[in-house]
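work.txt follows (compact mmCIF, C-alpha atoms and all ligand atoms):
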```txt
# COMPACT_ATOMS: atom_id res chain seq x y z
CA MET A 1 -16.55 -46.66 11.92
CA THR A 2 -20.34 -46.07 11.94
CA SER A 3 -21.93 -44.00 9.23
CA ARG A 4 -22.51 -41.32 11.86
CA ASP A 5 -18.79 -41.26 12.57
CA PHE A 6 -18.19 -40.98 8.83
CA VAL A 7 -20.54 -38.00 8.58
CA LEU A 8 -18.86 -36.37 11.58
CA GLY A 9 -15.51 -37.04 9.94
CA LEU A 10 -16.70 -35.38 6.75
CA ALA A 11 -18.02 -32.44 8.73
CA ALA A 12 -14.66 -32.09 10.47
CA THR A 13 -12.88 -32.21 7.09
CA ALA A 14 -15.28 -29.58 5.72
CA VAL A 15 -14.59 -27.35 8.71
CA ALA A 16 -10.84 -27.85 8.27
CA LEU A 17 -11.10 -27.01 4.56
CA ALA A 18 -13.27 -23.98 5.27
CA MET A 19 -10.56 -22.74 7.61
CA LEU A 20 -7.76 -23.23 5.08
CA PRO A 21 -8.37 -20.08 3.03
CA ALA A 22 -7.93 -18.09 6.24
CA VAL A 23 -4.27 -18.98 5.85
CA ALA A 24 -3.55 -19.73 2.20
CA GLY A 25 -5.90 -17.25 0.52
CA ALA A 26 -5.90 -14.64 3.24
CA ASP A 27 -5.57 -10.94 2.71
CA THR A 28 -1.95 -10.84 3.78
CA ILE A 29 1.47 -10.23 2.27
CA VAL A 30 2.16 -13.97 1.99
CA GLY A 31 2.32 -14.89 -1.71
CA SER A 32 1.74 -11.26 -2.76
CA ASP A 33 3.90 -9.08 -5.00
CA HIS A 34 5.79 -7.99 -1.88
CA ASP A 35 6.56 -11.52 -0.69
CA PHE A 36 10.20 -11.74 -1.74
CA SER A 37 10.91 -14.91 0.28
CA GLY A 38 11.27 -16.86 -3.00
CA ASP A 39 13.93 -14.50 -4.35
CA GLY A 40 17.47 -15.64 -3.59
CA TRP A 41 18.53 -12.23 -2.25
CA SER A 42 15.91 -12.19 0.55
CA GLY A 43 17.42 -15.02 2.58
CA GLY A 44 13.98 -16.63 2.52
CA GLU A 45 12.36 -13.93 4.66
CA ILE A 46 9.48 -11.59 3.84
CA CYS A 47 9.66 -8.58 6.16
CA VAL A 48 13.42 -7.99 6.13
CA ALA A 49 13.54 -6.22 2.74
CA CYS A 50 11.53 -3.40 4.34
CA HIS A 51 11.64 -3.75 8.14
CA THR A 52 14.14 -4.62 10.86
CA PRO A 53 13.58 -5.12 14.57
CA HIS A 54 16.79 -3.24 15.43
CA ASN A 55 18.93 -0.37 14.14
CA ALA A 56 16.15 0.92 11.87
CA ASP A 57 16.52 4.00 9.66
CA THR A 58 14.56 6.77 11.39
CA SER A 59 15.25 9.54 8.88
CA VAL A 60 11.77 9.42 7.29
CA THR A 61 8.86 10.62 9.44
CA ASN A 62 6.46 7.81 10.34
CA ALA A 63 8.71 5.13 8.83
CA PRO A 64 7.91 1.83 10.58
CA LEU A 65 11.27 0.26 11.68
CA TRP A 66 12.61 0.88 8.17
CA ASN A 67 15.37 -1.31 6.72
CA HIS A 68 15.43 -0.49 2.98
CA SER A 69 17.82 2.07 1.46
CA LEU A 70 16.00 5.32 0.67
CA THR A 71 15.64 7.11 -2.63
CA THR A 72 17.43 10.46 -2.95
CA THR A 73 15.56 11.45 -6.12
CA SER A 74 14.25 14.98 -6.51
CA PHE A 75 10.96 14.19 -8.27
CA THR A 76 9.18 16.18 -10.94
CA LEU A 77 5.81 16.84 -9.28
CA TYR A 78 2.20 16.91 -10.44
CA SER A 79 0.91 20.41 -11.02
CA SER A 80 -2.39 21.79 -12.23
CA ALA A 81 -4.23 25.11 -12.21
CA THR A 82 -7.31 23.55 -10.57
CA MET A 83 -5.47 21.91 -7.65
CA ASN A 84 -6.08 23.46 -4.26
CA ALA A 85 -3.53 21.35 -2.42
CA THR A 86 0.18 22.14 -2.40
CA VAL A 87 2.36 19.35 -3.72
CA GLY A 88 5.82 18.89 -2.23
CA GLN A 89 8.48 16.19 -2.52
CA PRO A 90 7.16 12.76 -1.45
CA ASP A 91 7.44 12.19 2.29
CA GLY A 92 6.24 9.63 4.85
CA SER A 93 5.26 6.22 3.53
CA SER A 94 5.25 7.43 -0.11
CA LYS A 95 8.98 8.01 0.12
CA LEU A 96 9.33 4.42 1.36
CA CYS A 97 7.38 3.01 -1.60
CA LEU A 98 9.38 5.10 -4.04
CA SER A 99 12.56 3.68 -2.56
CA CYS A 100 11.85 0.69 -4.84
CA HIS A 101 9.20 2.06 -7.20
CA ASP A 102 11.20 4.95 -8.72
CA GLY A 103 13.70 2.45 -10.12
CA THR A 104 16.77 4.19 -8.68
CA VAL A 105 17.40 1.96 -5.62
CA ALA A 106 17.88 -1.81 -5.97
CA LEU A 107 15.26 -4.08 -4.39
CA ASP A 108 17.99 -5.90 -2.53
CA SER A 109 19.53 -2.74 -1.06
CA PHE A 110 18.52 -3.22 2.56
CA GLY A 111 20.17 -3.75 5.93
CA GLY A 112 23.14 -1.69 4.76
CA LYS A 113 23.82 -3.87 1.68
CA THR A 114 23.95 -2.47 -1.85
CA GLY A 115 21.93 -4.65 -4.19
CA THR A 116 21.77 -5.25 -7.92
CA SER A 117 18.10 -6.18 -8.76
CA TYR A 118 15.85 -3.33 -9.86
CA ILE A 119 12.07 -3.08 -10.25
CA GLY A 120 10.92 -3.36 -13.84
CA GLY A 121 8.07 -2.77 -16.24
CA GLY A 122 4.87 -0.98 -15.29
CA GLN A 123 5.76 -1.18 -11.62
CA ASN A 124 8.55 1.33 -12.11
CA LEU A 125 6.93 4.76 -11.73
CA GLY A 126 10.23 6.47 -12.53
CA THR A 127 11.36 9.83 -11.20
CA THR A 128 8.55 11.84 -12.77
CA LEU A 129 5.40 12.01 -10.66
CA ALA A 130 3.90 14.71 -12.88
CA ASN A 131 1.75 12.04 -14.56
CA ASP A 132 0.67 10.30 -11.34
CA HIS A 133 -2.07 11.01 -8.78
CA PRO A 134 -0.52 13.56 -6.38
CA VAL A 135 0.81 12.18 -3.07
CA SER A 136 2.09 13.68 0.16
CA ILE A 137 -0.61 16.37 -0.06
CA THR A 138 -2.39 17.50 3.10
CA TYR A 139 -6.03 16.41 2.97
CA ASN A 140 -8.13 17.99 5.69
CA THR A 141 -11.49 19.72 6.19
CA ALA A 142 -10.06 23.04 5.01
CA LEU A 143 -8.94 21.48 1.69
CA ALA A 144 -12.35 19.83 1.23
CA THR A 145 -14.04 23.20 1.78
CA ALA A 146 -11.67 25.03 -0.57
CA ASP A 147 -12.07 22.39 -3.28
CA GLY A 148 -15.84 22.04 -2.98
CA SER A 149 -15.95 18.51 -4.38
CA LEU A 150 -13.92 16.48 -1.90
CA ALA A 151 -15.44 14.50 0.97
CA ASP A 152 -14.66 15.95 4.41
CA PRO A 153 -12.03 13.42 5.52
CA ALA A 154 -12.68 14.09 9.21
CA THR A 155 -16.30 12.95 8.99
CA ALA A 156 -16.81 10.84 5.83
CA GLN A 157 -16.83 7.14 6.78
CA VAL A 158 -15.17 4.44 4.68
CA THR A 159 -14.59 0.71 4.89
CA ILE A 160 -11.37 -0.64 3.41
CA GLY A 161 -9.99 -4.15 3.07
CA THR A 162 -11.99 -7.17 2.01
CA SER A 163 -14.33 -9.42 3.91
CA GLY A 164 -14.50 -13.17 3.45
CA ASN A 165 -11.70 -15.47 2.33
CA GLY A 166 -9.77 -14.65 5.47
CA GLY A 167 -9.96 -10.93 4.70
CA ARG A 168 -9.84 -8.11 7.19
CA THR A 169 -11.74 -4.86 7.05
CA LYS A 170 -11.35 -1.54 8.82
CA THR A 171 -14.02 1.12 9.12
CA GLY A 172 -13.55 4.72 10.17
CA SER A 173 -13.15 8.26 8.86
CA ILE A 174 -11.04 8.80 5.73
CA SER A 175 -8.55 10.68 7.92
CA ALA A 176 -8.23 7.85 10.40
CA ILE A 177 -7.78 4.96 8.01
CA MET A 178 -6.76 6.34 4.58
CA ALA A 179 -4.70 9.36 5.62
CA PRO A 180 -3.32 8.60 9.08
CA ASP A 181 -0.63 11.29 8.80
CA GLY A 182 -3.16 13.78 7.44
CA LYS A 183 -1.98 13.30 3.86
CA VAL A 184 -2.88 11.39 0.73
CA GLN A 185 -0.03 8.89 0.34
CA CYS A 186 0.50 5.82 -1.85
CA SER A 187 -0.92 3.81 1.03
CA SER A 188 -4.22 5.76 0.92
CA CYS A 189 -5.01 3.68 -2.16
CA HIS A 190 -2.69 0.64 -1.90
CA ASP A 191 -2.05 -1.95 0.81
CA VAL A 192 1.57 -3.03 0.68
CA HIS A 193 0.80 -6.06 2.87
CA ASN A 194 -1.82 -7.60 0.64
CA THR A 195 -2.69 -9.83 -2.29
CA TYR A 196 -4.97 -9.01 -5.19
CA THR A 197 -8.30 -9.59 -3.50
CA ASN A 198 -9.67 -6.14 -4.43
CA GLY A 199 -9.01 -6.74 -8.11
CA ALA A 200 -5.61 -5.65 -9.41
CA SER A 201 -2.90 -3.45 -7.95
CA LEU A 202 -3.22 -4.17 -4.21
CA LEU A 203 -6.00 -1.60 -3.84
CA VAL A 204 -7.36 -0.92 -0.34
CA LYS A 205 -10.87 -1.18 -1.78
CA SER A 206 -12.29 -2.23 -5.11
CA ASN A 207 -12.30 0.43 -7.81
CA ALA A 208 -15.27 -1.13 -9.63
CA GLY A 209 -17.48 1.73 -10.72
CA SER A 210 -14.58 3.95 -9.59
CA ALA A 211 -15.61 3.32 -5.97
CA LEU A 212 -12.09 4.07 -4.73
CA CYS A 213 -11.99 7.48 -6.47
CA LEU A 214 -15.53 8.31 -5.33
CA THR A 215 -14.53 7.71 -1.70
CA CYS A 216 -12.72 11.07 -1.66
CA HIS A 217 -13.97 12.85 -4.79
CA VAL A 218 -17.64 13.85 -4.73
CA LYS A 219 -18.13 13.93 -8.49
C1 LIG B 1 7.85 -4.17 0.38
C2 LIG B 1 8.03 -3.54 1.64
C3 LIG B 1 7.37 -4.14 2.85
C4 LIG B 1 7.38 -5.45 3.28
C5 LIG B 1 8.03 -6.62 2.60
C6 LIG B 1 6.69 -5.46 4.54
N1 LIG B 1 6.27 -4.20 4.87
FE1 LIG B 1 5.37 -3.63 6.58
N2 LIG B 1 5.23 -1.69 5.89
C7 LIG B 1 5.74 -1.27 4.70
C8 LIG B 1 5.43 0.15 4.53
C9 LIG B 1 5.81 1.01 3.36
C10 LIG B 1 4.71 0.53 5.69
C11 LIG B 1 4.16 1.92 6.02
C12 LIG B 1 2.97 2.26 5.18
C13 LIG B 1 1.78 1.39 5.35
O1 LIG B 1 1.45 0.98 6.48
O2 LIG B 1 1.17 1.14 4.32
C14 LIG B 1 4.62 -0.65 6.53
C15 LIG B 1 4.01 -0.67 7.78
C16 LIG B 1 4.06 -1.75 8.65
C17 LIG B 1 3.58 -1.74 10.00
C18 LIG B 1 2.98 -0.54 10.73
C19 LIG B 1 1.66 -0.10 10.19
C20 LIG B 1 0.64 -1.20 10.17
O3 LIG B 1 0.17 -1.50 9.06
O4 LIG B 1 0.37 -1.83 11.20
C21 LIG B 1 3.79 -2.98 10.51
C22 LIG B 1 3.44 -3.46 11.91
C23 LIG B 1 4.41 -3.78 9.46
N3 LIG B 1 4.56 -3.00 8.34
C24 LIG B 1 4.77 -5.10 9.59
C25 LIG B 1 5.27 -5.91 8.57
C26 LIG B 1 5.59 -7.33 8.70
C27 LIG B 1 5.42 -8.12 10.00
C28 LIG B 1 6.06 -7.75 7.50
C29 LIG B 1 6.46 -9.15 7.09
C30 LIG B 1 5.49 -10.19 7.33
C31 LIG B 1 6.04 -6.59 6.62
N4 LIG B 1 5.54 -5.51 7.29
C32 LIG B 1 6.51 -6.60 5.32
C33 LIG B 1 6.44 -2.01 3.79
C34 LIG B 1 6.65 -3.38 3.86
C1 LIG B 2 11.52 -3.48 -1.35
C2 LIG B 2 10.99 -2.86 -2.55
C3 LIG B 2 9.56 -2.40 -2.56
C4 LIG B 2 8.95 -1.50 -1.71
C5 LIG B 2 9.55 -0.76 -0.54
C6 LIG B 2 7.59 -1.37 -2.19
N1 LIG B 2 7.40 -2.16 -3.29
FE1 LIG B 2 5.69 -2.37 -4.36
N2 LIG B 2 6.53 -3.80 -5.51
C7 LIG B 2 7.86 -4.15 -5.48
C8 LIG B 2 8.11 -5.13 -6.52
C9 LIG B 2 9.47 -5.75 -6.85
C10 LIG B 2 6.88 -5.36 -7.17
C11 LIG B 2 6.62 -6.29 -8.35
C12 LIG B 2 6.67 -7.73 -7.94
C13 LIG B 2 6.37 -8.67 -9.08
O1 LIG B 2 6.28 -8.25 -10.23
O2 LIG B 2 6.21 -9.87 -8.78
C14 LIG B 2 5.91 -4.52 -6.50
C15 LIG B 2 4.58 -4.46 -6.85
C16 LIG B 2 3.69 -3.49 -6.39
C17 LIG B 2 2.35 -3.29 -6.86
C18 LIG B 2 1.60 -4.17 -7.85
C19 LIG B 2 1.71 -3.63 -9.24
C20 LIG B 2 0.82 -4.34 -10.22
O3 LIG B 2 1.30 -4.53 -11.33
O4 LIG B 2 -0.31 -4.67 -9.91
C21 LIG B 2 1.84 -2.20 -6.22
C22 LIG B 2 0.49 -1.58 -6.41
C23 LIG B 2 2.86 -1.75 -5.31
N3 LIG B 2 3.97 -2.55 -5.43
C24 LIG B 2 2.72 -0.67 -4.47
C25 LIG B 2 3.60 -0.35 -3.44
C26 LIG B 2 3.34 0.64 -2.42
C27 LIG B 2 2.09 1.48 -2.35
C28 LIG B 2 4.41 0.65 -1.59
C29 LIG B 2 4.60 1.46 -0.34
C30 LIG B 2 3.50 1.47 0.63
C31 LIG B 2 5.38 -0.31 -2.12
N4 LIG B 2 4.84 -0.91 -3.23
C32 LIG B 2 6.64 -0.56 -1.59
C33 LIG B 2 8.81 -3.66 -4.62
C34 LIG B 2 8.58 -2.79 -3.56
C1 LIG B 3 -5.47 8.03 -5.43
C2 LIG B 3 -5.16 6.63 -5.44
C3 LIG B 3 -3.76 6.20 -5.73
C4 LIG B 3 -2.59 6.72 -5.22
C5 LIG B 3 -2.42 7.87 -4.26
C6 LIG B 3 -1.53 5.90 -5.76
N1 LIG B 3 -2.04 4.92 -6.57
FE1 LIG B 3 -1.01 3.45 -7.51
N2 LIG B 3 -2.69 2.86 -8.48
C7 LIG B 3 -3.97 3.30 -8.20
C8 LIG B 3 -4.91 2.58 -9.01
C9 LIG B 3 -6.42 2.77 -8.99
C10 LIG B 3 -4.14 1.69 -9.80
C11 LIG B 3 -4.67 0.72 -10.85
C12 LIG B 3 -4.62 1.38 -12.18
C13 LIG B 3 -5.17 0.54 -13.25
O1 LIG B 3 -5.39 -0.66 -13.03
O2 LIG B 3 -5.37 1.10 -14.32
C14 LIG B 3 -2.76 1.89 -9.44
C15 LIG B 3 -1.68 1.19 -9.99
C16 LIG B 3 -0.41 1.18 -9.45
C17 LIG B 3 0.67 0.30 -9.88
C18 LIG B 3 0.60 -0.76 -10.96
C19 LIG B 3 1.18 -0.28 -12.24
C20 LIG B 3 0.33 0.68 -12.97
O3 LIG B 3 0.83 1.78 -13.34
O4 LIG B 3 -0.86 0.37 -13.22
C21 LIG B 3 1.75 0.59 -9.09
C22 LIG B 3 3.12 -0.04 -9.14
C23 LIG B 3 1.35 1.67 -8.20
N3 LIG B 3 0.05 2.00 -8.45
C24 LIG B 3 2.19 2.23 -7.26
C25 LIG B 3 1.89 3.41 -6.57
C26 LIG B 3 2.85 4.16 -5.78
C27 LIG B 3 4.29 3.76 -5.53
C28 LIG B 3 2.20 5.26 -5.30
C29 LIG B 3 2.77 6.42 -4.54
C30 LIG B 3 3.86 7.15 -5.20
C31 LIG B 3 0.81 5.17 -5.77
N4 LIG B 3 0.68 4.05 -6.54
C32 LIG B 3 -0.18 6.08 -5.46
C33 LIG B 3 -4.30 4.29 -7.29
C34 LIG B 3 -3.40 5.08 -6.59
C1 LIG B 4 -7.75 9.22 -0.24
C2 LIG B 4 -8.49 10.21 -1.01
C3 LIG B 4 -8.41 10.18 -2.50
C4 LIG B 4 -8.63 9.13 -3.36
C5 LIG B 4 -8.99 7.71 -2.98
C6 LIG B 4 -8.48 9.65 -4.70
N1 LIG B 4 -8.16 10.97 -4.66
FE1 LIG B 4 -7.82 12.15 -6.24
N2 LIG B 4 -7.23 13.65 -5.02
C7 LIG B 4 -7.40 13.66 -3.66
C8 LIG B 4 -7.03 14.95 -3.13
C9 LIG B 4 -7.07 15.38 -1.68
C10 LIG B 4 -6.62 15.71 -4.25
C11 LIG B 4 -6.17 17.17 -4.26
C12 LIG B 4 -7.38 17.98 -4.76
C13 LIG B 4 -7.11 19.48 -4.82
O1 LIG B 4 -6.29 19.96 -4.07
O2 LIG B 4 -7.74 20.16 -5.64
C14 LIG B 4 -6.75 14.87 -5.41
C15 LIG B 4 -6.43 15.25 -6.73
C16 LIG B 4 -6.88 14.57 -7.83
C17 LIG B 4 -6.82 15.09 -9.18
C18 LIG B 4 -6.17 16.39 -9.59
C19 LIG B 4 -7.16 17.50 -9.54
C20 LIG B 4 -6.68 18.77 -10.16
O3 LIG B 4 -7.33 19.78 -9.90
O4 LIG B 4 -5.69 18.76 -10.91
C21 LIG B 4 -7.44 14.18 -9.97
C22 LIG B 4 -7.70 14.31 -11.46
C23 LIG B 4 -7.83 13.07 -9.13
N3 LIG B 4 -7.47 13.35 -7.84
C24 LIG B 4 -8.45 11.92 -9.58
C25 LIG B 4 -8.61 10.78 -8.82
C26 LIG B 4 -8.98 9.50 -9.36
C27 LIG B 4 -9.25 9.21 -10.81
C28 LIG B 4 -9.02 8.64 -8.32
C29 LIG B 4 -9.26 7.15 -8.34
C30 LIG B 4 -8.30 6.37 -9.13
C31 LIG B 4 -8.68 9.40 -7.11
N4 LIG B 4 -8.44 10.69 -7.48
C32 LIG B 4 -8.65 8.88 -5.84
C33 LIG B 4 -7.81 12.61 -2.88
C34 LIG B 4 -8.12 11.34 -3.35
```
In structure tokens, what does this structure look like?
Ligand code: HEC
Ligand code: HEC
Ligand code: HEC
Ligand code: HEC
Amino acid sequence: MTSRDFVLGLAATAVALAMLPAVAGADTIVGSDHDFSGDGWSGGEICVACHTPHNADTSVTNAPLWNHSLTTTSFTLYSSATMNATVGQPDGSSKLCLSCHDGTVALDSFGGKTGTSYIGGGQNLGTTLANDHPVSITYNTALATADGSLADPATAQVTIGTSGNGGRTKTGSISAIMAPDGKVQCSSCHDVHNTYTNGASLLVKSNAGSALCLTCHVK
């Protein structure tokens, strides 16, 4: 091996190493809080706790091929004299999240099975949403106008996700990428298929300097 070959070899190794994070440290569900493949009850799979390719539960609007048992909780809702939006029972993807995060349905209740492992600690939001940011509220131009200090979701542009380290970003209007069903949902702020690359709590964008809050609230 000539020294030139050695240098080329090193360069190839460096390229290979540089590519590694695109897999191991990527902005995906692998190794995240929602990667249950290490838990005995998952059968070693990741997606199955939440999705199935066949015989999915279609009872929740916009549920993507849903496989997890649903919560039947009637939640205590956020209310406030200064709110312009109307808050109803959680629907859409928020109802899916709460089917583990309200602590009433076991994590391993999916595919028709009844499980026995429940979510614990600070990740259990419980059945009272009165002390949580409101979800399943319609967020449109009319609400922004009525409120006077909300960004117009139809026009305000935002970039979510992370760049670098194998990350992926998405840019578009708030409506298109943070409220695809026209509502603020859990997934407006959190990415269920992600690791911690925006700081803690699987946030769709960093909340340093309250950047996440300031995306929608013009304060
Ligand atoms: C802990 C539950 C959970 C797990 C595990 C999970 N998902 Fe999801 N997935 C969701 C929820 C909730 C939504 C709808 C809300 C959203 O997109 O944030 C969704 C939406 C989707 C969508 C449609 C919207 C989009 O983002 O493209 C696809 C496709 C998808 N998941 C694929 C997968 C695959 C593939 C896996 C396994 C590698 C997986 N999911 C694992 C909960 C999960
Ligand atoms: C199949 C059950 C299940 C579903 C469905 C689910 N989660 Fe989770 N989630 C969990 C569990 C269990 C943990 C904690 C894992 C751990 O501690 O290792 C968790 C952790 C989290 C965390 C991290 C909390 C922290 O301490 O930083 C966030 C944020 C989160 N989930 C949000 C969501 C959102 C948003 C959705 C819906 C889009 C969702 N989850 C759907 C089971 C679920
Ligand atoms: C408006 C944005 C927003 C919405 C909507 C939202 N969250 Fe969060 N969530 C956050 C932020 C920001 C944090 C981090 C809080 C912190 O670190 O102090 C967080 C933290 C969490 C945590 C970690 C535990 C905790 O209490 O710190 C979980 C679990 C969680 N959220 C789940 C959910 C679920 C489930 C929904 C829907 C019912 C939801 N979130 C809706 C912004 C939001
Ligand atoms: C995706 C857009 C979005 C994000 C991100 C967001 N909010 Fe909101 N938030 C709303 C909307 C829409 C309302 C309903 C406002 C209304 O109807 O008056 C709301 C309501 C609220 C309210 C209740 C207002 C009242 O009058 O009672 C507070 C407080 C609040 N948000 C704080 C926050 C904080 C703090 C953050 C960051 C952790 C945050 N929001 C992130 C969209 C968002």
Would you mind listing the residues within 8 Å of ligand LIG 2 (chain B), counting all atoms listed in the file, as a VMD selection string? chain A and resid 32 to 34 36 49 to 50 68 93 to 101 106 to 108 118 to 120 122 to 123 186 to 187 189 to 192 196 200 to 203
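Residue nearest Phe110 (chain A), chosen from A:Leu70, A:Leu77, A:Thr169, A:His133 and counting all atoms listed in the file: A:Leu70.
The neighbours of Asp181 (chain A) here are the residues that come within 9 Å of it, using all atoms listed in the file and leaving out any residue fewer than 6 positions away in the same chain; they are Asn62, Gly92, Thr138 and Ser175 of chain A.
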Please, which residues have at least one atom within 8 Å of an atom of ligand LIG 4 (chain B), using only C-alpha atoms and all ligand atoms, listed as a ChimeraX atom specification? /A:79-86,133-134,137-140,143-144,147,150,174,178-179,183-185,188-189,207,210-217
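Closest to Ser74 (chain A) among A:Thr28, A:Thr127, A:Ser59, A:Gln157 is A:Thr127, based on all atoms listed in the file.
Nearest residue to ligand LIG 1 (chain B) among A:Ala56, A:Leu65, A:Val135, A:Ala130 is A:Leu65, counting all atoms listed in the file.
Considering all atoms listed in the file, the residue among A:Thr155, A:Ser206, A:Thr171, A:Asn194 positioned nearest to ligand LIG 1 (chain B) is A:Asn194.
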